[in-house]
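K.L.:
Sharing entry-v5.cif, mmCIF, C-alpha atoms:
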data_upload
loop_
_atom_site.label_atom_id
_atom_site.label_comp_id
_atom_site.auth_asym_id
_atom_site.auth_seq_id
_atom_site.Cartn_x
_atom_site.Cartn_y
_atom_site.Cartn_z
CA MET A 1248 120.08 110.12 109.54
CA ALA A 1249 122.71 112.79 110.20
CA SER A 1250 125.53 110.27 109.88
CA LEU A 1251 124.09 109.01 106.59
CA LEU A 1252 123.87 112.54 105.19
CA HIS A 1253 127.46 113.15 106.25
CA ARG A 1254 128.69 109.99 104.49
CA LEU A 1255 126.78 110.82 101.30
CA GLY A 1256 127.94 114.42 101.34
CA LYS A 1257 131.60 113.87 102.19
CA GLY A 1258 132.16 110.44 100.75
CA ARG A 1259 134.60 107.91 102.16
CA THR A 1260 135.99 104.56 101.16
CA CYS A 1261 133.60 101.71 101.84
CA TYR A 1262 134.89 98.66 99.97
CA THR A 1263 133.13 95.50 101.14
CA GLN A 1264 134.39 92.04 100.29
CA PHE A 1265 131.47 89.79 99.28
CA SER A 1266 133.15 87.21 97.07
CA ARG A 1267 132.96 84.56 99.79
CA ILE A 1268 129.26 85.30 100.37
CA GLY A 1269 128.63 85.24 96.62
CA ARG A 1270 130.23 81.79 96.32
CA SER A 1271 128.22 80.53 99.28
CA LEU A 1272 124.95 81.77 97.80
CA ALA A 1273 125.81 80.30 94.42
CA SER A 1274 126.44 76.85 95.93
CA GLU A 1275 123.22 77.17 97.97
CA ALA A 1276 121.26 77.97 94.83
CA THR A 1277 122.85 75.04 92.97
CA ALA A 1278 121.79 72.65 95.72
CA MET A 1279 118.28 74.08 95.80
CA TYR A 1280 117.48 74.60 92.12
CA GLY A 1281 119.93 72.19 90.47
CA LYS A 1282 121.74 75.04 88.73
CA PRO A 1283 123.80 78.06 89.77
CA LEU A 1284 122.42 81.59 89.96
CA GLN A 1285 122.21 83.21 86.54
CA LEU A 1286 123.97 86.27 87.92
CA PRO A 1287 126.51 85.82 90.72
CA LEU A 1288 125.21 87.84 93.64
CA GLN A 1289 127.81 90.39 94.59
CA ALA A 1290 127.67 93.78 96.21
CA ARG A 1291 131.04 95.24 95.47
CA TRP A 1292 129.83 98.79 95.92
CA MET A 1293 127.31 98.80 98.68
CA SER A 1294 126.42 101.26 101.39
CA THR A 1295 127.01 99.74 104.81
CA PRO A 1296 125.47 102.22 107.26
CA ALA A 1297 127.01 101.98 110.71
CA GLY A 1298 124.59 101.57 113.58
CA THR A 1299 121.48 101.14 111.41
CA VAL A 1300 118.93 99.16 113.41
CA THR A 1301 115.50 98.48 111.94
CA GLY A 1302 114.08 96.94 115.10
CA PHE A 1303 113.76 93.46 113.61
CA ASP A 1304 113.94 91.93 117.10
CA GLU A 1305 110.65 93.70 117.87
CA MET A 1306 109.13 92.44 114.62
CA ILE A 1307 109.80 88.77 115.41
CA LYS A 1308 108.85 88.97 119.08
CA GLY A 1309 105.96 86.74 120.18
CA THR A 1310 103.79 84.20 118.37
CA GLN A 1311 100.72 86.41 117.99
CA ARG A 1312 99.79 86.74 114.33
CA LYS A 1313 101.05 90.00 112.85
CA PHE A 1314 100.50 91.68 109.50
CA TYR A 1315 103.03 93.83 107.64
CA LEU A 1316 101.93 95.82 104.60
CA LEU A 1317 104.69 97.29 102.44
CA GLY A 1318 103.72 100.03 100.03
CA GLY A 1319 104.83 103.16 98.24
CA LYS A 1320 105.45 104.68 94.84
CA GLY A 1321 105.80 102.32 91.87
CA GLY A 1322 109.34 101.16 91.10
CA VAL A 1323 110.90 101.71 94.53
CA GLY A 1324 111.52 98.01 95.24
CA LYS A 1325 108.50 97.11 97.39
CA THR A 1326 108.45 93.49 96.19
CA SER A 1327 112.11 92.80 96.99
CA CYS A 1328 111.71 94.39 100.42
CA ALA A 1329 108.52 92.40 101.15
CA ALA A 1330 109.95 89.10 99.89
CA SER A 1331 113.22 89.51 101.80
CA LEU A 1332 111.28 90.34 104.98
CA ALA A 1333 109.10 87.24 104.53
CA VAL A 1334 112.18 85.03 104.03
CA LYS A 1335 113.79 86.45 107.16
CA PHE A 1336 110.61 85.89 109.19
CA ALA A 1337 110.53 82.25 108.04
CA ASN A 1338 114.21 81.78 108.85
CA HIS A 1339 113.55 83.08 112.36
CA GLY A 1340 110.92 80.46 113.12
CA HIS A 1341 107.72 82.17 111.95
CA PRO A 1342 105.45 80.29 109.53
CA THR A 1343 104.86 83.07 107.00
CA ILE A 1344 102.69 84.05 104.05
CA VAL A 1345 103.71 86.75 101.56
CA VAL A 1346 100.88 88.10 99.41
CA SER A 1347 101.02 90.36 96.36
CA THR A 1348 98.01 92.58 95.70
CA ASP A 1349 99.72 94.47 92.88
CA PRO A 1350 97.96 93.91 89.50
CA ALA A 1351 101.42 94.02 87.88
CA HIS A 1352 102.85 91.14 89.87
CA SER A 1353 106.58 90.64 90.30
CA LEU A 1354 106.53 88.32 93.33
CA SER A 1355 106.96 85.29 91.04
CA ASP A 1356 110.01 86.95 89.50
CA SER A 1357 111.41 87.82 92.92
CA PHE A 1358 111.20 84.21 94.13
CA ALA A 1359 112.09 82.80 90.67
CA GLN A 1360 109.00 80.60 91.04
CA ASP A 1361 105.51 80.50 89.52
CA LEU A 1362 103.11 81.91 92.12
CA THR A 1363 100.17 82.64 89.83
CA GLY A 1364 96.81 80.95 90.17
CA GLY A 1365 95.45 82.68 93.27
CA THR A 1366 96.38 79.85 95.68
CA LEU A 1367 99.08 79.46 98.32
CA VAL A 1368 102.33 78.10 96.86
CA PRO A 1369 105.09 76.70 99.12
CA VAL A 1370 108.49 78.38 98.83
CA GLN A 1371 111.48 76.11 99.24
CA GLY A 1372 114.79 76.85 100.95
CA VAL A 1373 113.67 78.42 104.25
CA ASP A 1374 113.75 77.13 107.83
CA SER A 1375 110.02 77.50 108.60
CA PRO A 1376 107.01 77.21 106.26
CA LEU A 1377 106.82 80.07 103.77
CA PHE A 1378 103.97 80.33 101.29
CA ALA A 1379 103.46 82.94 98.59
CA LEU A 1380 100.33 84.10 96.81
CA GLU A 1381 99.57 86.48 93.95
CA LEU A 1382 96.10 88.01 93.92
CA ASN A 1383 94.50 89.98 91.12
CA PRO A 1384 92.40 92.83 92.58
CA GLU A 1385 91.44 94.23 89.16
CA LYS A 1386 90.10 90.85 88.05
CA ALA A 1387 88.21 90.53 91.33
CA LYS A 1388 86.57 93.93 90.84
CA GLU A 1389 85.60 93.06 87.26
CA GLU A 1390 84.04 89.78 88.39
CA PHE A 1391 82.22 91.68 91.13
CA ARG A 1392 80.71 94.05 88.55
CA LYS A 1393 79.63 91.09 86.41
CA SER A 1394 78.02 89.35 89.37
CA GLN A 1395 76.14 92.55 90.20
CA LYS A 1396 74.75 92.70 86.67
CA ALA A 1397 73.75 89.05 86.92
CA GLY A 1398 71.81 89.78 90.10
CA ASN A 1399 74.24 88.13 92.55
CA ASP A 1400 75.83 89.93 95.48
CA GLY A 1401 79.38 88.71 94.62
CA VAL A 1402 80.81 90.38 97.72
CA LYS A 1403 82.61 87.32 99.07
CA ASP A 1404 84.37 86.75 95.72
CA LEU A 1405 85.49 90.38 95.71
CA MET A 1406 86.80 90.07 99.25
CA ASP A 1407 88.74 86.92 98.38
CA GLY A 1408 90.19 88.47 95.23
CA MET A 1409 91.37 91.56 97.12
CA GLY A 1410 92.93 89.53 99.92
CA LEU A 1411 90.30 90.70 102.40
CA GLY A 1412 88.62 87.30 102.55
CA MET A 1413 91.88 85.76 103.72
CA LEU A 1414 92.29 88.52 106.30
CA SER A 1415 88.79 88.07 107.67
CA ASP A 1416 89.30 84.29 107.90
CA GLN A 1417 92.50 84.82 109.86
CA VAL A 1418 90.94 87.38 112.17
CA SER A 1419 88.13 84.98 113.06
CA ASP A 1420 90.53 81.98 113.15
CA GLN A 1421 87.93 79.97 111.24
CA SER A 1422 90.26 78.77 108.51
CA GLU A 1423 92.57 75.86 109.26
CA GLU A 1424 94.51 76.77 106.12
CA TYR A 1425 95.78 79.99 107.71
CA SER A 1426 95.71 79.18 111.43
CA LYS A 1427 99.37 78.08 111.63
CA PHE A 1428 100.84 81.29 110.16
CA THR A 1429 102.17 83.94 112.56
CA ARG A 1430 103.51 86.50 110.07
CA ILE A 1431 101.64 87.79 106.99
CA VAL A 1432 103.50 90.15 104.63
CA PHE A 1433 101.65 92.11 101.94
CA ASP A 1434 103.43 93.39 98.85
CA THR A 1435 100.91 96.08 97.94
CA ALA A 1436 100.22 97.93 94.70
CA PRO A 1437 101.52 101.47 94.05
CA THR A 1438 100.20 104.19 96.36
CA GLY A 1439 96.83 104.98 94.74
CA HIS A 1440 95.75 101.33 94.47
CA THR A 1441 96.88 100.63 98.03
CA LEU A 1442 94.90 103.52 99.50
CA ARG A 1443 91.80 102.24 97.70
CA LEU A 1444 92.43 98.76 99.10
CA LEU A 1445 92.79 100.07 102.64
CA SER A 1446 89.61 102.13 102.35
CA LEU A 1447 87.71 99.21 100.79
CA PRO A 1448 86.30 97.87 104.11
CA ASP A 1449 84.54 101.19 104.73
CA PHE A 1450 83.34 101.32 101.12
CA MET A 1451 82.03 97.75 101.23
CA ASP A 1452 80.41 98.32 104.60
CA ALA A 1453 78.48 101.23 103.12
CA SER A 1454 77.69 99.24 99.95
CA ILE A 1455 76.39 96.24 101.90
CA GLY A 1456 74.29 98.58 104.02
CA LYS A 1457 72.70 100.04 100.88
CA MET A 1458 72.12 96.56 99.46
CA LEU A 1459 70.41 95.43 102.65
CA LYS A 1460 68.14 98.47 102.66
CA LEU A 1461 67.29 97.97 98.99
CA LYS A 1462 66.58 94.26 99.51
CA GLU A 1463 64.35 95.13 102.45
CA LYS A 1464 62.31 97.58 100.41
CA LEU A 1465 62.05 95.23 97.44
CA SER A 1466 61.19 92.21 99.58
CA SER A 1467 58.37 94.02 101.34
CA ALA A 1468 56.93 95.09 97.98
CA THR A 1469 57.33 91.73 96.26
CA SER A 1470 56.09 89.81 99.31
CA ALA A 1471 52.85 91.78 99.23
CA LEU A 1472 52.37 90.97 95.55
CA LYS A 1473 53.31 87.30 95.85
CA SER A 1474 51.09 86.75 98.86
CA MET A 1475 48.17 87.78 96.67
CA PHE A 1476 49.00 84.85 94.38
CA GLY A 1477 49.85 82.41 97.15
CA LYS A 1478 53.63 82.56 96.62
CA ASN A 1479 56.21 83.54 99.17
CA ASP A 1480 60.01 83.20 98.98
CA GLY A 1481 60.67 85.19 102.16
CA GLN A 1482 62.92 82.43 103.51
CA LYS A 1483 65.26 82.71 100.52
CA GLN A 1484 65.40 86.50 100.85
CA GLN A 1485 66.16 86.18 104.55
CA LEU A 1486 69.05 83.83 103.81
CA THR A 1487 70.51 86.38 101.38
CA SER A 1488 70.18 89.14 103.98
CA ASN A 1489 71.87 86.96 106.59
CA LYS A 1490 74.80 86.33 104.24
CA LEU A 1491 75.22 90.06 103.66
CA GLU A 1492 75.08 90.74 107.39
CA LYS A 1493 77.83 88.17 108.01
CA LEU A 1494 79.98 89.74 105.29
CA ARG A 1495 79.38 93.12 106.86
CA GLU A 1496 80.62 91.80 110.20
CA LYS A 1497 83.74 90.51 108.45
CA MET A 1498 84.32 93.97 107.00
CA TYR A 1499 84.18 95.44 110.49
CA LYS A 1500 86.84 92.96 111.59
CA VAL A 1501 89.12 93.70 108.61
CA ARG A 1502 88.76 97.45 109.17
CA ASP A 1503 89.61 97.05 112.85
CA LEU A 1504 92.58 94.84 111.90
CA PHE A 1505 94.03 97.51 109.61
CA ARG A 1506 93.92 99.96 112.52
CA ASP A 1507 95.17 97.66 115.27
CA SER A 1508 98.69 98.77 116.20
CA ASP A 1509 99.31 95.54 118.14
CA SER A 1510 98.89 93.31 115.08
CA THR A 1511 99.32 95.49 111.98
CA GLU A 1512 102.01 97.79 110.63
CA PHE A 1513 102.29 99.59 107.30
CA ILE A 1514 105.90 100.03 106.16
CA ILE A 1515 106.50 102.77 103.60
CA VAL A 1516 109.13 101.99 100.96
CA THR A 1517 110.76 104.82 99.03
CA ILE A 1518 113.94 105.71 97.17
CA PRO A 1519 116.10 108.81 97.81
CA THR A 1520 114.60 111.09 95.16
CA VAL A 1521 112.58 114.26 95.68
CA MET A 1522 109.56 112.85 93.79
CA ALA A 1523 109.51 109.56 95.72
CA VAL A 1524 109.92 111.24 99.12
CA SER A 1525 107.15 113.73 98.29
CA GLU A 1526 104.77 110.87 97.45
CA SER A 1527 105.82 109.02 100.60
CA SER A 1528 104.94 112.08 102.65
CA ARG A 1529 101.45 112.19 101.10
CA LEU A 1530 101.04 108.45 101.63
CA HIS A 1531 102.00 108.79 105.28
CA ALA A 1532 99.44 111.56 105.76
CA SER A 1533 96.74 109.42 104.10
CA LEU A 1534 97.59 106.42 106.28
CA LEU A 1535 97.36 108.56 109.42
CA LYS A 1536 93.97 109.80 108.22
CA GLU A 1537 92.82 106.17 107.95
CA SER A 1538 94.27 105.49 111.45
CA ILE A 1539 96.65 102.85 110.06
CA PRO A 1540 99.83 102.34 112.14
CA VAL A 1541 103.10 103.37 110.45
CA HIS A 1542 106.44 103.06 112.26
CA ARG A 1543 109.13 102.46 109.58
CA LEU A 1544 110.34 104.07 106.38
CA VAL A 1545 112.57 102.02 104.08
CA VAL A 1546 114.89 104.14 101.92
CA ASN A 1547 115.94 101.77 99.16
CA GLN A 1548 118.70 101.91 96.53
CA LEU A 1549 121.10 104.07 98.53
CA LEU A 1550 124.38 104.72 96.73
CA PRO A 1551 127.60 103.83 98.55
CA PRO A 1552 130.02 106.48 99.76
CA LEU A 1553 133.24 106.25 97.72
CA ALA A 1554 136.61 107.99 97.92
CA THR A 1555 136.59 108.92 94.23
CA ASP A 1556 133.56 109.75 92.14
CA CYS A 1557 132.69 110.14 88.52
CA LYS A 1558 130.70 113.29 87.79
CA PHE A 1559 127.49 111.29 87.30
CA CYS A 1560 127.91 109.45 90.65
CA ALA A 1561 128.65 112.71 92.46
CA MET A 1562 125.47 114.31 91.08
CA ARG A 1563 123.34 111.28 92.01
CA ARG A 1564 124.79 111.22 95.49
CA LYS A 1565 124.05 114.92 95.86
CA ASP A 1566 120.44 114.32 94.79
CA GLN A 1567 120.12 111.49 97.31
CA ALA A 1568 121.47 113.70 100.09
CA ARG A 1569 118.85 116.32 99.17
CA ALA A 1570 116.08 113.72 99.35
CA LEU A 1571 117.32 112.41 102.71
CA ASP A 1572 117.37 115.97 104.01
CA MET A 1573 113.71 116.27 102.94
CA ILE A 1574 112.88 113.22 105.07
CA GLN A 1575 114.67 114.73 108.04
CA LYS A 1576 112.68 117.95 107.70
CA ASP A 1577 109.31 116.36 106.95
CA PRO A 1578 107.02 116.74 110.02
CA GLY A 1579 105.63 113.22 109.54
CA LEU A 1580 108.40 111.13 107.98
CA ASP A 1581 111.05 112.33 110.43
CA LYS A 1582 109.21 110.50 113.24
CA LEU A 1583 109.50 107.12 111.49
CA ARG A 1584 112.33 104.65 112.07
CA LEU A 1585 114.63 104.85 109.05
CA VAL A 1586 115.55 101.55 107.37
CA GLU A 1587 118.50 101.96 104.99
CA ALA A 1588 118.64 99.56 102.04
CA PRO A 1589 121.65 99.68 99.69
CA LEU A 1590 121.80 99.60 95.92
CA PHE A 1591 123.09 96.16 94.91
CA ASP A 1592 125.02 95.59 91.69
CA ALA A 1593 122.99 92.48 90.80
CA GLU A 1594 119.33 91.49 90.77
CA ILE A 1595 117.91 90.19 94.04
CA ARG A 1596 116.18 87.09 92.73
CA GLY A 1597 115.60 83.70 94.33
CA VAL A 1598 115.59 82.64 98.00
CA PRO A 1599 119.40 82.77 98.54
CA ALA A 1600 119.56 86.33 97.21
CA LEU A 1601 116.50 87.38 99.21
CA LYS A 1602 118.05 85.90 102.34
CA PHE A 1603 121.21 87.93 101.67
CA MET A 1604 119.16 91.11 101.20
CA GLY A 1605 117.10 90.39 104.30
CA ASP A 1606 120.19 89.93 106.45
CA THR A 1607 121.59 93.20 105.07
CA VAL A 1608 118.47 95.34 105.44
CA TRP A 1609 116.32 93.92 108.26
CA LYS A 1610 118.57 94.17 111.33
#
How would this structure read if it were set down as structure tokens?

P.N.:
Amino acid sequence: MASLLHRLGKGRTCYTQFSRIGRSLASEATAMYGKPLQLPLQARWMSTPAGTVTGFDEMIKGTQRKFYLLGGKGGVGKTSCAASLAVKFANHGHPTIVVSTDPAHSLSDSFAQDLTGGTLVPVQGVDSPLFALELNPEKAKEEFRKSQKAGNDGVKDLMDGMGLGMLSDQVSDQSEEYSKFTRIVFDTAPTGHTLRLLSLPDFMDASIGKMLKLKEKLSSATSALKSMFGKNDGQKQQLTSNKLEKLREKMYKVRDLFRDSDSTEFIIVTIPTVMAVSESSRLHASLLKESIPVHRLVVNQLLPPLATDCKFCAMRRKDQARALDMIQKDPGLDKLRLVEAPLFDAEIRGVPALKFMGDTVWK
């Protein structure tokens, strides 16, 4: 961190030649998609922090299934970071799924591929299987409310729509569809939505408990009335209660998974601005309150240190240095491993570009 602050404050020449890499990626994209990249991927002015190690070797160690949730303030580049991490996992031998739970999806744009529809879609151009999925939590919650009005429990549909159904299936290893995957990356919604998602298991546990109690009271009352008329649907009511109990057990498993430091890690993504760092600090505190493991902080869109600066660039670099100093002095964020991600001069879009970003950031 100190070396990064010094480079941003003092400024020094850091010209990096990427024309050869750009040509290589362009030819790779042509072979894969049948046409060249719309924008040639170059990074003429890019920060290249010396000695930055994100601990990627630790992240790929072992074949035990692991979950990585990337989240933070809106607009900080969570999707690009999540997609590039998923591509790198796949290229290091891990069958991987990357899931977007953000209602305003951009995962399809990041991979330059249609991932809508709520089902796993294979991503081409990686060494191991990589599948992507866009979920719609808001739609799932709306359907849950409708099912409640219609008299159905609708809990399983809500779980599936929020991504929790997939998590519970993987925890119990009951789904053949997910059993082969060893790395699951979540591109989460902006901070507020993500915190609601992470607290959902506790909320649903309480909700299912209330539903079970209500069903028990109603069933005892209706059974007494129906027995007077020779009717009894106690078996049907018991089946419904059993379903709710099973869903409740799944919620326990998902909640425990979120808090299991051996299999789950939340990675905070931010940009070097005072507002973004302040929100990241609050997010970190909330995650600690929920007992969710956090070990890394990605600082995205870092400006490069240059020998000569325009006035605008100098002011932006000064602002970034102030934000980085805030991280260093924050009693929570300063304990996280800093992952430095540069500002590229072209969009990171498509597998070749994501691979390039992954190799640059996840070291």

K.L.:
Using the chain letters and residue numbers of this document, give as an MDAnalysis selection string the residues selected by the PyMOL selection byres ((chain A and resi 1304) around 12).

P.N.:
chainID A and resid 1300:1303 1305:1309 1335:1336 1339 1609:1610

K.L.:
Skipping near chain neighbours, those fewer than 3 positions away, what residues fall within 8 Å of Glu1512 of chain A using all atoms listed in the file, listed as a list in words?

P.N.:
Phe1314, Tyr1315, Leu1316, Ser1508, Ile1539, Pro1540, Val1541 and His1542 of chain A

K.L.:
Expand the PyMOL selection byres ((chain A and resi 1361-1364) around 6) into the explicit residue set it covers here, and present it as a list in words.

P.N.:
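Applying the expression gives Ser1355, Gln1360, Gly1365, Thr1366, Leu1380 and Glu1381 of chain A.
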
K.L.:
For a quick check of understanding, using all atoms listed in the file, which of A:Gly1318, A:Val1323, A:Leu1534, A:Leu1377 has the smallest distance to Phe1433 of chain A?

P.N.:
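Of A:Gly1318, A:Val1323, A:Leu1534, A:Leu1377, the one nearest Phe1433 of chain A is A:Gly1318, counting all atoms listed in the file.
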
K.L.:
Expressed in Å to a single decimal, how great is the separation between atom CA of Met1604 of chain A and atom CA of Ala1379 of chain A?

P.N.:
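The value is 17.9 Å.
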
K.L.:
Enter the distance from atom CA of His1352 of chain A to atom CA of Cys1328 of chain A, in Å, rounded to one decimal.

P.N.:
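Answer for the atom CA of His1352 of chain A to atom CA of Cys1328 of chain A separation: 14.2 Å.
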
K.L.:
I'd like to see the residues matched by the PyMOL selection byres ((chain A and resi 1575) around 12) on this file, and ideally I'd get them as a PDB file with C-alpha atoms, in the frame of the given file.

P.N.:
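Result file is expr.pdb:
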ATOM      1  CA  MET A1248     120.080 110.120 109.540  1.00  0.00           C
ATOM      2  CA  ALA A1249     122.710 112.790 110.200  1.00  0.00           C
ATOM      3  CA  SER A1250     125.530 110.270 109.880  1.00  0.00           C
ATOM      4  CA  LEU A1251     124.090 109.010 106.590  1.00  0.00           C
ATOM      5  CA  LEU A1252     123.870 112.540 105.190  1.00  0.00           C
ATOM      6  CA  PRO A1519     116.100 108.810  97.810  1.00  0.00           C
ATOM      7  CA  VAL A1524     109.920 111.240  99.120  1.00  0.00           C
ATOM      8  CA  SER A1528     104.940 112.080 102.650  1.00  0.00           C
ATOM      9  CA  LEU A1544     110.340 104.070 106.380  1.00  0.00           C
ATOM     10  CA  ALA A1568     121.470 113.700 100.090  1.00  0.00           C
ATOM     11  CA  ARG A1569     118.850 116.320  99.170  1.00  0.00           C
ATOM     12  CA  ALA A1570     116.080 113.720  99.350  1.00  0.00           C
ATOM     13  CA  LEU A1571     117.320 112.410 102.710  1.00  0.00           C
ATOM     14  CA  ASP A1572     117.370 115.970 104.010  1.00  0.00           C
ATOM     15  CA  MET A1573     113.710 116.270 102.940  1.00  0.00           C
ATOM     16  CA  ILE A1574     112.880 113.220 105.070  1.00  0.00           C
ATOM     17  CA  LYS A1576     112.680 117.950 107.700  1.00  0.00           C
ATOM     18  CA  ASP A1577     109.310 116.360 106.950  1.00  0.00           C
ATOM     19  CA  PRO A1578     107.020 116.740 110.020  1.00  0.00           C
ATOM     20  CA  GLY A1579     105.630 113.220 109.540  1.00  0.00           C
ATOM     21  CA  LEU A1580     108.400 111.130 107.980  1.00  0.00           C
ATOM     22  CA  ASP A1581     111.050 112.330 110.430  1.00  0.00           C
ATOM     23  CA  LYS A1582     109.210 110.500 113.240  1.00  0.00           C
ATOM     24  CA  LEU A1583     109.500 107.120 111.490  1.00  0.00           C
ATOM     25  CA  ARG A1584     112.330 104.650 112.070  1.00  0.00           C
ATOM     26  CA  LEU A1585     114.630 104.850 109.050  1.00  0.00           C
TER      27      LEU A1585
END

K.L.:
Have a look at A:Leu1530, A:Leu1553, A:Met1522, A:Val1608 and name the one nearest to Ala1329 of chain A; count only C-alpha atoms.

P.N.:
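The closest residue to Ala1329 of chain A is A:Val1608.
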
K.L.:
From the list A:Val1598, A:Lys1313, A:Ala1330, A:Gly1605, which residue is nearest Asp1509 of chain A when using only C-alpha atoms?

P.N.:
A:Lys1313

K.L.:
One number please: atom CA of Tyr1425 of chain A to atom CA of Arg1506 of chain A, in Å, one decimal.

P.N.:
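Computed distance, atom CA of Tyr1425 of chain A to atom CA of Arg1506 of chain A, equals 20.6 Å.
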
K.L.:
A:Ala1561, A:Ile1344, A:Leu1601, A:Val1545: which is nearest Val1586 of chain A, counting only C-alpha atoms?

P.N.:
A:Val1545

K.L.:
With all atoms listed in the file as the basis for distance, which of A:Leu1535, A:Ile1595, A:Leu1332, A:Leu1590 is at the shortest distance from Pro1552 of chain A?

P.N.:
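The closest residue to Pro1552 of chain A is A:Leu1590.
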
K.L.:
Please determine an axis-aligned box that encloses all atoms of segment 1341-1359 of chain A listed in the file, with 6 Å added on each side, and express its centre and edge lengths in Å to one decimal as lines of an AutoDock Vina configuration file.

P.N.:
center_x = 105.0
center_y = 87.4
center_z = 99.9
size_x = 26.1
size_y = 26.2
size_z = 36.1

K.L.:
Between A:Val1346, A:Val1432, A:Val1501, A:Leu1354, which is the closest to Ile1514 of chain A once you count only C-alpha atoms?

P.N.:
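With only C-alpha atoms as the atom set, the closest residue is A:Val1432.
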